$ cat data12.csv   # CSV, C-alpha atoms
chain,number,residue,atom,x,y,z
A,1,MET,CA,105.8,210.1,157.5
A,2,LEU,CA,109.1,211.0,159.1
A,3,TRP,CA,110.1,214.6,159.2
A,4,THR,CA,113.0,213.8,156.9
A,5,GLU,CA,110.7,212.3,154.4
A,6,GLY,CA,108.4,215.2,154.6
A,7,ILE,CA,111.2,217.6,153.6
A,8,VAL,CA,112.2,215.4,150.6
A,9,ALA,CA,108.6,215.1,149.5
A,10,ALA,CA,108.1,218.9,149.5
A,11,LEU,CA,111.4,219.4,147.6
A,12,LYS,CA,110.3,217.0,144.9
A,13,ARG,CA,106.9,218.4,144.7
A,14,HIS,CA,108.4,221.8,143.8
A,15,LYS,CA,111.1,220.4,141.6
A,16,VAL,CA,113.9,221.7,143.8
A,17,ARG,CA,117.0,219.8,142.4
A,18,LEU,CA,120.3,221.4,143.5
A,19,ILE,CA,121.1,220.7,147.1
A,20,SER,CA,124.1,222.7,148.3
A,21,TYR,CA,125.2,221.8,151.8
A,22,LEU,CA,127.6,221.5,154.6
A,23,PRO,CA,126.7,218.4,156.6
A,24,ASP,CA,125.8,218.5,160.3
A,25,THR,CA,124.4,215.7,162.4
A,26,ILE,CA,120.8,216.9,162.1
A,27,VAL,CA,120.6,217.9,158.4
A,28,TYR,CA,122.5,214.8,157.3
A,29,ARG,CA,119.5,212.8,158.3
A,30,VAL,CA,117.8,214.4,155.3
A,31,LEU,CA,120.8,214.6,153.0
A,32,SER,CA,121.4,210.9,153.4
A,33,LEU,CA,118.0,210.3,151.8
A,34,MET,CA,118.9,212.5,148.8
A,35,GLU,CA,122.5,211.7,148.1
A,36,ASN,CA,121.8,208.6,145.9
A,37,ASP,CA,118.5,209.9,144.4
A,38,PRO,CA,118.8,211.0,140.8
A,39,ASP,CA,116.2,213.7,141.4
A,40,PHE,CA,118.9,215.7,143.3
A,41,GLU,CA,122.2,217.2,142.3
A,42,MET,CA,124.3,217.3,145.5
A,43,VAL,CA,126.8,220.2,145.8
A,44,PRO,CA,128.8,220.0,149.0
A,45,VAL,CA,130.7,223.2,150.0
A,46,ALA,CA,133.6,224.1,152.2
A,47,ARG,CA,131.9,227.0,153.9
A,48,GLU,CA,128.2,227.7,154.0
A,49,GLU,CA,128.4,231.1,152.3
A,50,GLU,CA,129.2,229.4,149.1
A,51,CYS,CA,125.7,227.9,149.1
A,52,VAL,CA,124.3,231.4,148.6
A,53,GLY,CA,126.4,232.0,145.5
A,54,ILE,CA,125.8,228.6,144.1
A,55,LEU,CA,122.0,228.7,144.6
A,56,ALA,CA,121.9,232.3,143.1
A,57,GLY,CA,123.9,231.1,140.0
A,58,ALA,CA,121.7,228.1,139.6
A,59,TYR,CA,118.5,230.2,139.8
A,60,LEU,CA,119.8,232.5,137.1
A,61,GLY,CA,120.1,229.5,134.9
A,62,GLY,CA,116.7,228.2,135.7
A,63,MET,CA,117.4,225.5,138.3
A,64,ARG,CA,115.8,225.4,141.7
A,65,GLY,CA,117.9,224.7,144.7
A,66,ALA,CA,118.0,224.6,148.5
A,67,MET,CA,120.7,224.9,151.2
A,68,PHE,CA,121.2,222.6,154.1
A,69,ALA,CA,123.6,223.5,157.0
A,70,GLN,CA,123.8,223.9,160.8
A,71,ASN,CA,122.5,227.2,162.2
A,72,SER,CA,126.1,228.2,162.9
A,73,GLY,CA,126.5,228.3,159.1
A,74,LEU,CA,123.9,231.0,158.9
A,75,GLY,CA,126.4,233.2,160.6
A,76,ASN,CA,128.9,232.5,157.8
A,77,CYS,CA,126.3,233.5,155.2
A,78,VAL,CA,125.1,236.9,156.5
A,79,ASN,CA,126.8,239.2,154.1
A,80,ALA,CA,126.1,237.0,151.1
A,81,LEU,CA,122.4,236.9,152.1
A,82,ALA,CA,122.3,240.7,152.7
A,83,SER,CA,124.1,241.8,149.6
A,84,LEU,CA,123.1,239.0,147.1
A,85,ALA,CA,120.1,236.9,148.0
A,86,VAL,CA,118.0,239.7,149.5
A,87,PRO,CA,118.5,242.7,147.1
A,88,TRP,CA,118.6,240.4,144.0
A,89,GLN,CA,115.4,238.7,145.2
A,90,ILE,CA,116.7,235.2,144.9
A,91,PRO,CA,114.4,232.3,146.1
A,92,MET,CA,116.5,230.3,148.6
A,93,PRO,CA,115.1,227.7,150.9
A,94,MET,CA,117.5,227.2,153.8
A,95,PHE,CA,117.2,224.2,156.1
A,96,LEU,CA,119.1,224.9,159.3
A,97,GLY,CA,119.8,222.2,161.9
A,98,GLN,CA,119.1,224.2,165.1
A,99,ARG,CA,121.6,223.9,167.9
A,100,GLY,CA,122.0,225.9,171.0
A,101,GLU,CA,118.5,225.8,172.5
A,102,LEU,CA,116.7,223.5,175.0
A,103,GLY,CA,118.8,220.4,175.6
A,104,GLU,CA,122.0,221.8,174.3
A,105,PHE,CA,125.2,220.3,175.8
A,106,ASN,CA,127.8,222.6,174.1
A,107,VAL,CA,128.0,226.2,175.5
A,108,CYS,CA,129.7,227.4,172.2
A,109,GLN,CA,126.5,226.6,170.3
A,110,VAL,CA,124.2,228.7,172.4
A,111,GLY,CA,125.2,232.1,170.9
A,112,MET,CA,124.1,231.2,167.4
A,113,GLY,CA,121.1,229.4,168.9
A,114,ARG,CA,120.0,232.7,170.3
A,115,ALA,CA,121.0,234.7,167.2
A,116,THR,CA,119.5,232.5,164.4
A,117,ARG,CA,116.0,234.1,164.3
A,118,PRO,CA,117.1,237.7,165.0
A,119,ILE,CA,119.6,237.4,162.1
A,120,LEU,CA,116.8,236.2,159.8
A,121,ASP,CA,114.4,238.9,161.1
A,122,ALA,CA,117.0,241.6,160.6
A,123,LEU,CA,117.5,240.5,157.0
A,124,GLY,CA,113.8,240.5,156.4
A,125,ILE,CA,113.9,236.7,155.7
A,126,PRO,CA,110.8,234.8,156.7
A,127,HIS,CA,111.3,231.6,158.8
A,128,VAL,CA,109.3,228.8,160.3
A,129,THR,CA,110.1,226.3,163.0
A,130,PRO,CA,108.2,223.0,162.5
A,131,THR,CA,107.9,221.0,165.7
A,132,ARG,CA,105.8,218.0,164.7
A,133,PRO,CA,106.7,215.5,162.0
A,134,GLU,CA,103.2,215.5,160.5
A,135,GLU,CA,103.3,219.2,159.8
A,136,VAL,CA,106.7,219.2,158.0
A,137,GLU,CA,105.7,218.4,154.5
A,138,GLY,CA,102.9,221.0,154.4
A,139,LEU,CA,104.9,223.8,156.1
A,140,VAL,CA,107.9,223.2,153.9
A,141,SER,CA,105.9,223.0,150.8
A,142,ASP,CA,104.1,226.2,151.5
A,143,GLY,CA,107.4,227.8,152.5
A,144,ILE,CA,109.0,226.8,149.2
A,145,LYS,CA,106.0,228.2,147.3
A,146,LEU,CA,106.4,231.5,149.2
A,147,ALA,CA,110.1,231.5,148.3
A,148,TYR,CA,109.7,230.9,144.6
A,149,ASP,CA,106.5,232.7,143.9
A,150,THR,CA,107.5,235.9,145.8
A,151,ARG,CA,111.3,235.6,145.2
A,152,THR,CA,112.8,235.5,148.7
A,153,PRO,CA,115.1,233.4,150.8
A,154,ILE,CA,113.3,231.5,153.6
A,155,GLY,CA,114.6,229.7,156.7
A,156,PHE,CA,113.3,226.3,157.9
A,157,ILE,CA,114.6,226.0,161.5
A,158,LEU,CA,114.9,222.3,162.3
A,159,SER,CA,114.4,222.3,166.1
A,160,ARG,CA,115.3,219.7,168.6
A,161,GLN,CA,111.6,219.2,169.3
A,162,LEU,CA,111.2,218.0,165.7
A,163,THR,CA,114.5,216.2,165.1
A,164,GLY,CA,115.7,215.0,168.5
A,165,GLY,CA,118.7,217.2,168.0
A,166,LYS,CA,122.2,216.0,168.8
A,167,ASN,CA,123.0,214.4,172.2
A,168,GLU,CA,126.3,213.8,173.8
B,169,MET,CA,155.1,240.8,125.4
B,170,SER,CA,153.7,243.2,127.9
B,171,ARG,CA,151.6,243.2,131.0
B,172,LEU,CA,148.1,244.2,130.4
B,173,THR,CA,145.9,246.4,132.6
B,174,ARG,CA,142.6,244.8,133.7
B,175,SER,CA,140.5,246.7,131.2
B,176,GLN,CA,142.9,245.8,128.3
B,177,ALA,CA,142.8,242.2,129.3
B,178,THR,CA,138.9,242.4,129.4
B,179,LYS,CA,138.9,243.8,125.9
B,180,LEU,CA,141.2,241.1,124.7
B,181,LEU,CA,138.8,238.6,126.1
B,182,PHE,CA,135.9,240.3,124.3
B,183,GLY,CA,137.7,239.8,121.1
B,184,LYS,CA,137.5,236.1,121.6
B,185,ILE,CA,134.1,235.4,123.1
B,186,THR,CA,130.8,234.8,121.2
B,187,ASP,CA,127.6,234.3,123.3
B,188,GLN,CA,129.1,233.0,126.5
B,189,PRO,CA,127.5,234.4,129.7
B,190,ILE,CA,130.0,236.4,131.8
B,191,LEU,CA,129.6,237.1,135.5
B,192,GLY,CA,131.5,240.1,136.9
B,193,GLY,CA,132.7,240.2,140.5
B,194,ILE,CA,132.5,243.2,142.8
B,195,GLY,CA,134.6,246.2,141.9
B,196,GLY,CA,137.1,246.3,139.0
B,197,PRO,CA,135.9,243.1,137.3
B,198,THR,CA,132.3,244.4,137.0
B,199,TYR,CA,133.4,247.9,136.0
B,200,ASP,CA,135.7,246.7,133.2
B,201,LEU,CA,133.2,244.1,132.0
B,202,TYR,CA,130.7,247.0,131.5
B,203,GLY,CA,133.3,249.2,130.0
B,204,ALA,CA,134.4,246.5,127.5
B,205,GLY,CA,130.9,246.3,126.1
B,206,ASP,CA,127.5,246.1,127.7
B,207,ARG,CA,125.5,243.0,126.6
B,208,ASP,CA,122.5,241.0,127.8
B,209,ARG,CA,124.7,238.1,128.8
B,210,ASN,CA,126.8,240.2,131.2
B,211,LEU,CA,125.9,240.1,134.8
B,212,TYR,CA,127.3,242.8,137.2
B,213,THR,CA,127.5,242.7,141.0
B,214,TRP,CA,128.1,245.2,143.7
B,215,GLY,CA,128.4,243.1,146.8
B,216,SER,CA,128.9,239.6,148.2
B,217,MET,CA,132.7,239.8,147.8
B,218,GLY,CA,134.1,236.4,147.1
B,219,GLN,CA,130.8,234.8,145.8
B,220,ILE,CA,131.1,235.4,142.1
B,221,ALA,CA,133.0,232.1,141.5
B,222,SER,CA,130.3,230.2,143.5
B,223,MET,CA,127.7,231.9,141.4
B,224,GLY,CA,129.6,230.7,138.3
B,225,LEU,CA,129.6,227.2,139.7
B,226,GLY,CA,125.9,227.2,140.3
B,227,LEU,CA,125.2,228.5,136.8
B,228,ALA,CA,127.6,226.0,135.2
B,229,ILE,CA,125.8,223.1,137.0
B,230,ALA,CA,122.4,224.4,136.1
B,231,ARG,CA,123.3,225.0,132.4
B,232,PRO,CA,125.8,222.5,131.1
B,233,ASP,CA,124.9,223.8,127.6
B,234,LEU,CA,126.6,227.1,128.3
B,235,ARG,CA,130.3,227.9,128.8
B,236,VAL,CA,130.2,230.1,131.9
B,237,ILE,CA,132.9,232.8,132.3
B,238,VAL,CA,133.6,234.3,135.7
B,239,LEU,CA,135.6,237.5,136.1
B,240,ASP,CA,137.0,237.6,139.7
B,241,GLY,CA,139.6,239.7,141.5
B,242,ASP,CA,142.5,238.6,143.7
B,243,GLY,CA,141.1,240.3,146.8
B,244,SER,CA,137.8,238.6,146.2
B,245,ILE,CA,139.0,235.1,145.6
B,246,LEU,CA,141.3,235.3,148.7
B,247,MET,CA,138.0,235.6,150.7
B,248,ASN,CA,136.6,232.4,149.3
B,249,LEU,CA,139.5,230.1,148.6
B,250,GLY,CA,137.4,227.1,149.8
B,251,CYS,CA,135.3,227.5,146.7
B,252,LEU,CA,138.2,226.3,144.6
B,253,ALA,CA,138.0,222.9,146.4
B,254,THR,CA,134.3,222.9,145.9
B,255,ILE,CA,134.7,223.6,142.1
B,256,ALA,CA,137.3,220.8,141.9
B,257,ARG,CA,135.0,218.3,143.6
B,258,LYS,CA,132.1,219.0,141.1
B,259,ALA,CA,134.5,219.7,138.2
B,260,PRO,CA,132.1,221.3,135.8
B,261,PRO,CA,133.7,221.1,132.3
B,262,ASN,CA,132.0,224.3,131.3
B,263,LEU,CA,133.4,226.7,133.9
B,264,VAL,CA,136.1,229.3,133.0
B,265,HIS,CA,137.2,231.1,136.2
B,266,ILE,CA,139.4,234.1,135.4
B,267,VAL,CA,141.0,236.1,138.3
B,268,TRP,CA,142.4,239.5,137.5
B,269,ASP,CA,145.4,239.6,139.8
B,270,ASP,CA,146.6,243.2,140.2
B,271,GLU,CA,148.0,242.5,143.7
B,272,VAL,CA,146.0,245.3,145.2
B,273,TYR,CA,142.5,246.2,146.6
B,274,GLU,CA,142.0,248.8,143.9
B,275,THR,CA,138.6,250.0,144.9
B,276,THR,CA,139.6,250.9,148.5
B,277,GLY,CA,142.8,252.7,147.6
B,278,ARG,CA,145.3,250.2,146.2
B,279,GLN,CA,146.3,248.5,149.4
B,280,PRO,CA,148.4,245.4,148.7
B,281,THR,CA,146.8,241.9,148.7
B,282,HIS,CA,148.7,238.8,149.7
B,283,THR,CA,149.4,237.9,146.0
B,284,GLY,CA,152.0,240.6,145.8
B,285,ALA,CA,153.8,238.9,148.7
B,286,GLY,CA,154.1,235.6,146.9
B,287,THR,CA,150.7,233.9,147.1
B,288,ASP,CA,150.2,232.1,143.8
B,289,LEU,CA,146.5,231.7,143.0
B,290,ALA,CA,146.9,229.3,140.1
B,291,GLY,CA,149.1,227.2,142.4
B,292,ILE,CA,146.3,227.2,145.0
B,293,ALA,CA,143.7,226.2,142.4
B,294,ARG,CA,145.9,223.4,141.1
B,295,ALA,CA,146.5,222.1,144.6
B,296,ALA,CA,142.8,222.4,145.3
B,297,GLY,CA,142.3,219.9,142.5
B,298,ILE,CA,141.8,221.9,139.4
B,299,PRO,CA,144.5,220.6,137.0
B,300,LYS,CA,143.7,223.2,134.3
B,301,ALA,CA,144.9,226.1,136.4
B,302,VAL,CA,147.3,228.5,134.7
B,303,ARG,CA,149.1,231.7,135.7
B,304,THR,CA,149.6,234.2,132.9
B,305,GLU,CA,152.0,237.2,133.0
B,306,ASP,CA,151.4,239.1,129.8
B,307,ASP,CA,149.1,239.6,126.8
B,308,ALA,CA,150.4,236.6,124.8
B,309,GLY,CA,150.1,234.2,127.8
B,310,PHE,CA,146.6,235.4,128.6
B,311,ALA,CA,145.5,235.1,124.9
B,312,ALA,CA,146.8,231.6,124.7
B,313,ALA,CA,145.1,230.6,127.9
B,314,ILE,CA,141.7,232.0,126.8
B,315,ASP,CA,141.9,230.2,123.5
B,316,ARG,CA,142.3,226.9,125.3
B,317,ALA,CA,139.8,227.6,128.0
B,318,LEU,CA,137.1,228.5,125.4
B,319,ALA,CA,137.8,225.4,123.3
B,320,GLU,CA,138.8,222.6,125.8
B,321,PRO,CA,136.8,221.0,128.6
B,322,GLY,CA,137.5,222.5,132.1
B,323,PRO,CA,137.0,223.6,134.7
B,324,TRP,CA,139.6,226.2,133.9
B,325,PHE,CA,141.3,228.6,136.3
B,326,ILE,CA,143.3,231.5,134.9
B,327,GLY,CA,145.2,233.6,137.3
B,328,ALA,CA,146.0,236.6,135.0
B,329,LYS,CA,148.5,239.0,136.4
B,330,VAL,CA,147.5,242.6,135.4
B,331,ALA,CA,148.8,246.0,136.0
B,332,PRO,CA,146.8,248.1,138.6
B,333,GLU,CA,144.3,250.5,137.0
B,334,LYS,CA,141.4,252.5,138.3
B,335,GLY,CA,138.3,251.3,136.5
B,336,THR,CA,136.1,254.2,135.5
B,337,ALA,CA,133.1,252.6,133.8
B,338,ARG,CA,130.1,252.2,136.1
B,339,PRO,CA,127.0,250.1,135.2
B,340,PRO,CA,123.8,251.4,136.8
B,341,ARG,CA,123.4,249.9,140.2
B,342,ASP,CA,120.2,248.1,139.4
B,343,PRO,CA,120.6,244.4,140.3
B,344,LEU,CA,117.0,243.5,139.5
B,345,PHE,CA,117.1,245.0,136.0
B,346,PHE,CA,120.3,243.1,135.2
B,347,LYS,CA,119.1,239.9,136.8
B,348,TYR,CA,116.0,239.7,134.6
B,349,ARG,CA,117.8,240.8,131.5
B,350,PHE,CA,120.5,238.1,132.1
B,351,MET,CA,117.9,235.4,132.9
B,352,ARG,CA,115.9,236.1,129.7
B,353,ALA,CA,119.0,236.3,127.6
B,354,ILE,CA,120.1,232.8,128.6
B,355,GLU,CA,116.7,231.2,129.0
B,356,LYS,CA,116.2,227.9,127.2
B,357,PRO,CA,113.4,228.0,124.6
B,358,GLN,CA,110.3,226.3,126.1
$ encode --input "data12.csv" --output "structure tokens"
Amino acid sequence: MLWTEGIVAALKRHKVRLISYLPDTIVYRVLSLMENDPDFEMVPVAREEECVGILAGAYLGGMRGAMFAQNSGLGNCVNALASLAVPWQIPMPMFLGQRGELGEFNVCQVGMGRATRPILDALGIPHVTPTRPEEVEGLVSDGIKLAYDTRTPIGFILSRQLTGGKNE
Amino acid sequence: MSRLTRSQATKLLFGKITDQPILGGIGGPTYDLYGAGDRDRNLYTWGSMGQIASMGLGLAIARPDLRVIVLDGDGSILMNLGCLATIARKAPPNLVHIVWDDEVYETTGRQPTHTGAGTDLAGIARAAGIPKAVRTEDDAGFAAAIDRALAEPGPWFIGAKVAPEKGTARPPRDPLFFKYRFMRAIEKPQ
């Protein structure tokens, strides 16, 4: 199973329906599998922080959701996570296309590449970095279970080792 | 014909609603929502400035059976103007987004916002793609806008000019209590 298919399978297993996203090269490989699938309600945003509000509102109404963005978008979400998702204990799976690590060509991506995990750690948000396609469905499924059963955001860092990243 | 304060406008709104869920944004909108009358279908917030309209969008998508009312502030929506384009793109017919526009950051000491210098929020909403975006100046205009927004399909954006006023009501700062109360109040019967 491709890593992209593993994510979609885990989302379906846990009835995660609302997908709020800002596309990037990496996460679009997953989004493109979902955009014409009636199991998913796609909600594109203008800035990633909106995803936090949208997913919180949907959760209050009983609908499960997930966020897809580049790791740079995590930087745009910090206050919303710290003041909404974390204290309100809102389950929030976040799939982050990871830039700025081994193989990166753009120096301006490196800062957030370094900051991604420390930001999540500082917020007390668990995260996992799958590196092999065959482990994706299991890790993502267990992560979504942790998020919903214990009411917490969670980060899935989509590494270049897993996805092939972006090359230029 | 007179300009309302935010708390007067919130009370006017309360005279017209039935069981619609209402989300209050940080600061004045939350304080006056609580002051107008605490109810299980009120949700109060104390952070994430700018996010209340996005929360309303998420709830409106999740629950098309409910007409979702969002109470926002001019300072807050100025932080998240992109969400108006996002709302326009999804166009949920059951979203009523009200912005109390007092032209100041009231909570931090009444510093002027951009709206007092000419920024027209309803104009921005309309240009973002929300055709049912209206600006109201006084009690009669606001009452007429609410009557339509509660009866006709939206999404609605109401930029309501209000007079500055220091809100004094304070809901207990207990997000988890209000979260679960709100969720249970709107829960669909199994």
$ atom_distance --input "data12.csv" --atom1 "CA of Leu249 (chain B)" --atom2 "CA of Ile237 (chain B)"
17.8 Å
$ interface_residues --input "data12.csv" --of "chain B" --to "chain A" --cutoff "6 Å" --atoms "only C-alpha atoms" --output "list in words"
Gly215, Ser216, Gln219, Ser222, Met223, Gly224, Leu225, Gly226, Leu227, Ala230, Gly250, Thr254, Pro343, Leu344 and Met351 of chain B
$ write_last_selection --input "data12.csv" --atoms "C-alpha atoms" --output "tab-separated table (two decimals), keeping the file's coordinate frame"
chain	number	residue	atom	x	y	z
B	215	GLY	CA	128.40	243.10	146.80
B	216	SER	CA	128.90	239.60	148.20
B	219	GLN	CA	130.80	234.80	145.80
B	222	SER	CA	130.30	230.20	143.50
B	223	MET	CA	127.70	231.90	141.40
B	224	GLY	CA	129.60	230.70	138.30
B	225	LEU	CA	129.60	227.20	139.70
B	226	GLY	CA	125.90	227.20	140.30
B	227	LEU	CA	125.20	228.50	136.80
B	230	ALA	CA	122.40	224.40	136.10
B	250	GLY	CA	137.40	227.10	149.80
B	254	THR	CA	134.30	222.90	145.90
B	343	PRO	CA	120.60	244.40	140.30
B	344	LEU	CA	117.00	243.50	139.50
B	351	MET	CA	117.90	235.40	132.90
$ residues_around --input "data12.csv" --residues "Gly113 (chain A)" --least-positions-apart "2" --cutoff "7 Å" --atoms "only C-alpha atoms" --output "list in words"
Gln98, Arg99, Gly100, Glu101, Gln109, Val110, Gly111, Ala115 and Thr116 of chain A
$ residues_around --input "data12.csv" --residues "Pro93 (chain A)" --least-positions-apart "4" --cutoff "10 Å" --atoms "all atoms listed in the file" --output "compact mmCIF listing (two decimals) with C-alpha atoms, in the frame of the given file"
# COMPACT_ATOMS: atom_id res chain seq x y z
CA LEU A 11 111.40 219.40 147.60
CA VAL A 16 113.90 221.70 143.80
CA ILE A 19 121.10 220.70 147.10
CA LEU A 55 122.00 228.70 144.60
CA ARG A 64 115.80 225.40 141.70
CA GLY A 65 117.90 224.70 144.70
CA ALA A 66 118.00 224.60 148.50
CA MET A 67 120.70 224.90 151.20
CA PHE A 68 121.20 222.60 154.10
CA HIS A 127 111.30 231.60 158.80
CA VAL A 140 107.90 223.20 153.90
CA GLY A 143 107.40 227.80 152.50
CA ILE A 144 109.00 226.80 149.20
CA LYS A 145 106.00 228.20 147.30
CA LEU A 146 106.40 231.50 149.20
CA ALA A 147 110.10 231.50 148.30
CA TYR A 148 109.70 230.90 144.60
CA THR A 152 112.80 235.50 148.70
CA PRO A 153 115.10 233.40 150.80
CA ILE A 154 113.30 231.50 153.60
CA GLY A 155 114.60 229.70 156.70
CA PHE A 156 113.30 226.30 157.90
$ axis_aligned_box --input "data12.csv" --around "region 134-151 of chain A" --padding-each-side "8 Å" --output "AutoDock Vina command-line options"
--center_x 107.1 --center_y 225.7 --center_z 152.2 --size_x 24.4 --size_y 36.4 --size_z 32.6
$ atom_distance --input "data12.csv" --atom1 "CA of Ala319 (chain B)" --atom2 "CA of Asn262 (chain B)"
9.9 Å
$ closest_residue --input "data12.csv" --among "A:Glu168, A:Asp121, A:Glu135, A:Asp37" --to "Glu104 (chain A)" --atoms "all atoms listed in the file"
A:Glu168
$ residues_around --input "data12.csv" --residues "region 204-212 of chain B" --least-positions-apart "5" --cutoff "8 Å" --atoms "all atoms listed in the file" --output "list in words"
Ser175, Thr178, Lys179, Phe182, Asp187, Gln188, Pro189, Ile190, Leu191, Gly192, Gly193, Ile194, Thr198, Pro339, Pro343, Phe346, Lys347, Arg349, Phe350, Ala353 and Ile354 of chain B
$ atom_distance --input "data12.csv" --atom1 "CA of Ile245 (chain B)" --atom2 "CA of Ile119 (chain A)"
25.6 Å
$ residues_around --input "data12.csv" --residues "Gly277 (chain B)" --least-positions-apart "6" --cutoff "12 Å" --atoms "all atoms listed in the file" --output "number ranges by chain"
B: 195, 332-334
$ residues_around --input "data12.csv" --residues "Ala308 (chain B)" --least-positions-apart "5" --cutoff "10 Å" --atoms "all atoms listed in the file" --output "list in words"
Met169, Ser170, Arg171, Leu172 and Ala313 of chain B
$ closest_residue --input "data12.csv" --among "A:Val136, A:Leu102, A:Leu123, A:Leu96" --to "Thr4 (chain A)" --atoms "all atoms listed in the file"
A:Val136
